[in-house]
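Trainee: My questions all concern the structure below.
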Amino acid sequence: KPGRMKIMIQRAPTTMMILIMIIMILSSSSLPSFFVSGSSVSVWETLLDESSLLKQLPSLNTQGGTPPNNLPATVTINTKQYQEIYGFGGTLTESSAINMIKIKNINAGLYHEVLNQLFNSSYGAGFTMVRIPVGSCDFSIQPWFSYDNVTYDELFKDWAWQRDAQYILPVLKDILSVNRDIKIVLSPWSPPIWMKTSNDWGSGTLRSDMFDDYAYYLQITIQKYNGLGIDIYAITPQNEPLNEPAGYPAMRFSAQDEASFVKSLGPKLKSNNIATKIIVFDHNWQWPEYPTTVLSDATASSFIAGSAFHCYGGQVQAQSQVYNAYPDKEIWFTECSGTGPSNFNGNIPWNTNNLYIGSINNWSRTVLHWNFVLDWNNGPYSGTCTNCRGIVTVQNGYNSVSYNEEFYGMAMFSKFLKYPAHRLDCSLQGGWGCMSTLCFSNGDGSTVVVVANFCQTPQVTAVQKNGQYVSLNVGVGLTSFVWPSA
């Protein structure tokens, strides 16, 4: 009909113009936020009731604009970067290595499963820090040993690595086959006893005429590892230098003596082109005056990369106290053992508030728990801690293992860390005083936000970045958001 045909002809230009406008908008390089296709943010969780452990949730698509202002919690990611984060991990004690070797001999499949759960980020936690005792510690079998027990063998011609060659070295090589990005830190509990004033494993200090010899001993230790193709990223001159327990290998080492010793060790490493970092102190938060005393010695300080802390006394804020006094020096956190039966509900909040988030927000670059793998009796041990809990517990018979709260707690951070990672400035609005957060950027351009919700109930939480946000009703526990590179 003529009238109908006229209407259709009149509408055609209007329809065509709309189509043209849509094409122009979609092809524009600067789209309004409501036209942007949302990025996909991956989400993982570990809940305190253990109903969800390192579990991936459905991904979230970002929305443009700002989140509603009435949400219980909002995390805002900012661009300012702070310290580099080297990673999370634990200590490969002789006890841990013995347990791993026993698992391997009985069930090789389980052995490789444990290795991948611990050190492969695609499969499990992706830990990147491994601490190794130099000689015996309280989680070694007896008799205790050093690498040279021959009195006054000051050239170390009788170097004895048999114990490490039997246990620690085979496991370490397997760890490195899983993850080549591992950073290794060495820590001695005691020098050879003939170097000590007591001639005893659990007491005494370093003889004044042995400072140079002991420095040479540690230099050779590093070079022996290097000769096996194993890089040593850092070394601490003495584990827990204010601890003299008598019941296991240890040595008292005053701050003044440690500073003097570094002035022997540092030049030896430098003259031999050894890039291993020297990290001093390696003891509890309660004595921040120890590292500041060592660092106040200008000559010693020139060879020192930073200070390391343990959790067995004091408060985590001591790390910031030392950092503020010496902001050019690194802060590390290198030991905290779980004790007693597993308790997710009690231990993950404390560990998160003090270690995973608390320590890094107080400038730490590392977070390490204690033994990687202990048996069902919390051993084998030769010291006084009869209830220290491993990151992993191997069950009687060495045919099964359980992954403890230290594993799942650290994994919620370490699994998503890609070198080089840096702590990011981020703010938490709301949270009822029972929530906290840590944000870090990765070398691949991604951004990670870990939200800790230790309130009594799930909390709707938004995470926003650059005009985009996601929101989720986060459960009681830890939730990790991985924002892809821009």
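Within each chain, counting starts at residue 1; across the structure tokens, chains are named A, B, ... in the order shown, with ligands numbered 1 upward in that order.
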Extract the full set of helix (DSSP H, G or I) residues from region 129-279 of chain A according to DSSP on the backbone, and format it as a PyMOL selection string.

Mentor: chain A and resi 162-166+168-178+193-195+208-227+255-271

Trainee: For C-alpha atoms, I'd like the residues from the last selection saved as a compact mmCIF listing (two decimals), in the first residue's frame.

Mentor:
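Wrote part_24.txt, looks like this:
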# COMPACT_ATOMS: atom_id res chain seq x y z
CA GLN A 162 77.88 -37.00 54.03
CA ARG A 163 74.76 -36.24 56.07
CA ASP A 164 73.51 -33.51 53.74
CA ALA A 165 74.40 -35.67 50.73
CA GLN A 166 72.21 -38.42 52.16
CA ILE A 168 68.96 -32.61 52.25
CA LEU A 169 70.77 -32.41 48.92
CA PRO A 170 68.71 -35.06 47.04
CA VAL A 171 65.44 -33.47 48.15
CA LEU A 172 66.70 -29.96 47.37
CA LYS A 173 67.64 -31.01 43.84
CA ASP A 174 64.15 -32.45 43.34
CA ILE A 175 62.63 -29.22 44.65
CA LEU A 176 64.65 -27.21 42.14
CA SER A 177 63.51 -29.53 39.34
CA VAL A 178 59.95 -28.48 40.17
CA ILE A 193 82.31 -26.93 68.33
CA TRP A 194 86.11 -26.55 68.27
CA MET A 195 85.51 -22.93 67.23
CA SER A 208 87.71 -14.41 69.35
CA ASP A 209 90.49 -16.08 67.36
CA MET A 210 88.00 -17.96 65.17
CA PHE A 211 86.06 -15.13 63.53
CA ASP A 212 88.09 -15.27 60.33
CA ASP A 213 88.11 -19.09 60.25
CA TYR A 214 84.35 -19.29 60.71
CA ALA A 215 83.83 -16.73 57.96
CA TYR A 216 85.96 -18.92 55.70
CA TYR A 217 83.88 -21.95 56.74
CA LEU A 218 80.66 -20.23 55.62
CA GLN A 219 82.32 -19.01 52.44
CA ILE A 220 83.28 -22.60 51.56
CA THR A 221 79.75 -23.77 52.39
CA ILE A 222 78.30 -21.38 49.83
CA GLN A 223 80.92 -22.35 47.25
CA LYS A 224 80.18 -26.06 47.77
CA TYR A 225 76.52 -25.41 46.96
CA ASN A 226 77.50 -23.28 43.97
CA GLY A 227 79.69 -26.12 42.75
CA ALA A 255 75.14 -7.79 68.33
CA GLN A 256 78.65 -6.41 68.64
CA ASP A 257 80.17 -9.82 67.82
CA GLU A 258 77.86 -10.30 64.86
CA ALA A 259 78.88 -6.89 63.49
CA SER A 260 82.54 -7.83 63.91
CA PHE A 261 81.94 -11.19 62.26
CA VAL A 262 80.23 -9.61 59.25
CA LYS A 263 83.38 -7.55 58.75
CA SER A 264 85.19 -10.85 58.21
CA LEU A 265 82.48 -12.59 56.18
CA GLY A 266 81.52 -9.68 53.93
CA PRO A 267 84.96 -9.07 52.42
CA LYS A 268 85.45 -12.81 51.83
CA LEU A 269 82.22 -13.04 49.87
CA LYS A 270 82.99 -9.88 47.93
CA SER A 271 86.58 -10.84 47.02

Trainee: Would you mind listing what lies within 12 Å of region 60-69 of chain A as an MDAnalysis selection string, with only C-alpha atoms counted and same-chain residues fewer than 3 positions away left out?

Mentor: chainID A and resid 31:44 56:57 72:76 429:430 460:473 481:484

Trainee: Near Thr386 (chain A), within 12 Å and counting only C-alpha atoms, which residues show up once chain neighbours fewer than 3 positions away are dropped, as a CSV table (one decimal) with N, CA, C and O atoms, in the first residue's frame?

Mentor:
chain,number,residue,atom,x,y,z
A,138,ASP,N,67.9,-28.3,65.8
A,138,ASP,CA,67.0,-29.1,66.7
A,138,ASP,C,66.1,-30.0,66.0
A,138,ASP,O,65.5,-30.8,66.6
A,139,PHE,N,66.0,-29.9,64.6
A,139,PHE,CA,65.3,-30.9,63.9
A,139,PHE,C,66.3,-31.6,62.9
A,139,PHE,O,66.2,-31.7,61.7
A,337,SER,N,56.9,-21.5,63.8
A,337,SER,CA,56.3,-22.8,63.8
A,337,SER,C,54.9,-22.9,64.4
A,337,SER,O,54.6,-22.3,65.4
A,338,GLY,N,54.1,-23.7,63.7
A,338,GLY,CA,52.8,-24.0,64.3
A,338,GLY,C,53.1,-25.0,65.4
A,338,GLY,O,54.1,-25.8,65.4
A,339,THR,N,52.2,-25.1,66.4
A,339,THR,CA,52.4,-26.0,67.5
A,339,THR,C,51.1,-26.7,67.8
A,339,THR,O,50.0,-26.1,67.7
A,340,GLY,N,51.2,-28.0,68.3
A,340,GLY,CA,50.0,-28.7,68.7
A,340,GLY,C,49.2,-29.2,67.6
A,340,GLY,O,49.6,-29.1,66.4
A,341,PRO,N,47.9,-29.6,67.9
A,341,PRO,CA,47.0,-30.1,66.8
A,341,PRO,C,46.6,-29.0,65.9
A,341,PRO,O,46.6,-27.8,66.2
A,374,LEU,N,57.0,-32.9,58.7
A,374,LEU,CA,57.2,-33.6,59.9
A,374,LEU,C,56.3,-34.9,60.0
A,374,LEU,O,55.3,-34.9,59.3
A,375,ASP,N,56.7,-35.8,60.8
A,375,ASP,CA,55.9,-37.1,60.8
A,375,ASP,C,54.8,-36.9,61.9
A,375,ASP,O,54.6,-35.9,62.5
A,376,TRP,N,54.0,-38.0,62.0
A,376,TRP,CA,52.9,-38.0,62.9
A,376,TRP,C,53.2,-37.7,64.4
A,376,TRP,O,52.3,-37.4,65.2
A,377,ASN,N,54.5,-37.9,64.7
A,377,ASN,CA,54.9,-37.5,66.1
A,377,ASN,C,55.6,-36.2,66.1
A,377,ASN,O,56.4,-35.9,67.1
A,378,ASN,N,55.5,-35.4,65.1
A,378,ASN,CA,56.1,-34.1,65.0
A,378,ASN,C,57.6,-34.2,65.0
A,378,ASN,O,58.3,-33.3,65.5
A,379,GLY,N,58.1,-35.2,64.3
A,379,GLY,CA,59.6,-35.4,64.3
A,379,GLY,C,60.0,-35.9,63.0
A,379,GLY,O,59.3,-35.8,62.0
A,380,PRO,N,61.2,-36.5,62.9
A,380,PRO,CA,62.1,-36.7,64.1
A,380,PRO,C,62.7,-35.4,64.6
A,380,PRO,O,63.0,-34.4,63.8
A,381,TYR,N,62.9,-35.3,65.9
A,381,TYR,CA,63.5,-34.1,66.5
A,381,TYR,C,64.5,-34.5,67.5
A,381,TYR,O,64.5,-35.6,68.1
A,382,SER,N,65.5,-33.6,67.8
A,382,SER,CA,66.5,-33.8,68.8
A,382,SER,C,66.6,-32.6,69.7
A,382,SER,O,67.5,-32.6,70.6
A,383,GLY,N,65.6,-31.7,69.6
A,383,GLY,CA,65.6,-30.5,70.5
A,383,GLY,C,64.5,-30.6,71.5
A,383,GLY,O,64.0,-31.7,71.9
A,389,ARG,N,54.6,-28.3,64.7
A,389,ARG,CA,53.8,-28.8,63.6
A,389,ARG,C,54.5,-28.5,62.2
A,389,ARG,O,54.8,-27.3,62.0
A,390,GLY,N,54.6,-29.4,61.3
A,390,GLY,CA,55.1,-29.1,60.0
A,390,GLY,C,54.1,-28.5,59.1
A,390,GLY,O,52.9,-28.5,59.4

Trainee: With only C-alpha atoms as the atoms that count, which of A:Gly124, A:Gly409, A:Gly313, A:Gly90 lies nearest to Val373 (chain A)?

Mentor: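 Under the stated criterion, the closest residue is A:Gly90.
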
Trainee: Pick the closest to Asn99 (chain A) from A:Tyr167, A:Phe344, A:Phe253, A:Tyr356: which is it, counting only C-alpha atoms?

Mentor: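 Distance minimum relative to Asn99 (chain A) lands on A:Tyr167.
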
Trainee: Write out as JSON, numbers by chain the residues lying within 8 Å of region 144-154 of chain A, counting only C-alpha atoms and excluding same-chain residues fewer than 4 positions away.

Mentor: {"A": [134, 135, 136, 137, 140, 158, 159, 160, 161, 190, 191, 192, 193, 194, 201, 213, 249]}

Trainee: Please list as a ChimeraX atom specification every residue within 7 Å of Ile232 (chain A), counting only C-alpha atoms and excluding residues in the same chain fewer than 4 positions away.

Mentor: /A:184-185,222,276

Trainee: Using only C-alpha atoms, find the one residue out of A:Thr447, A:Tyr82, A:Glu113, A:Pro143 that sits nearest to Pro327 (chain A).

Mentor: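 Comparing A:Thr447, A:Tyr82, A:Glu113, A:Pro143 against Pro327 (chain A), the winner is A:Tyr82.
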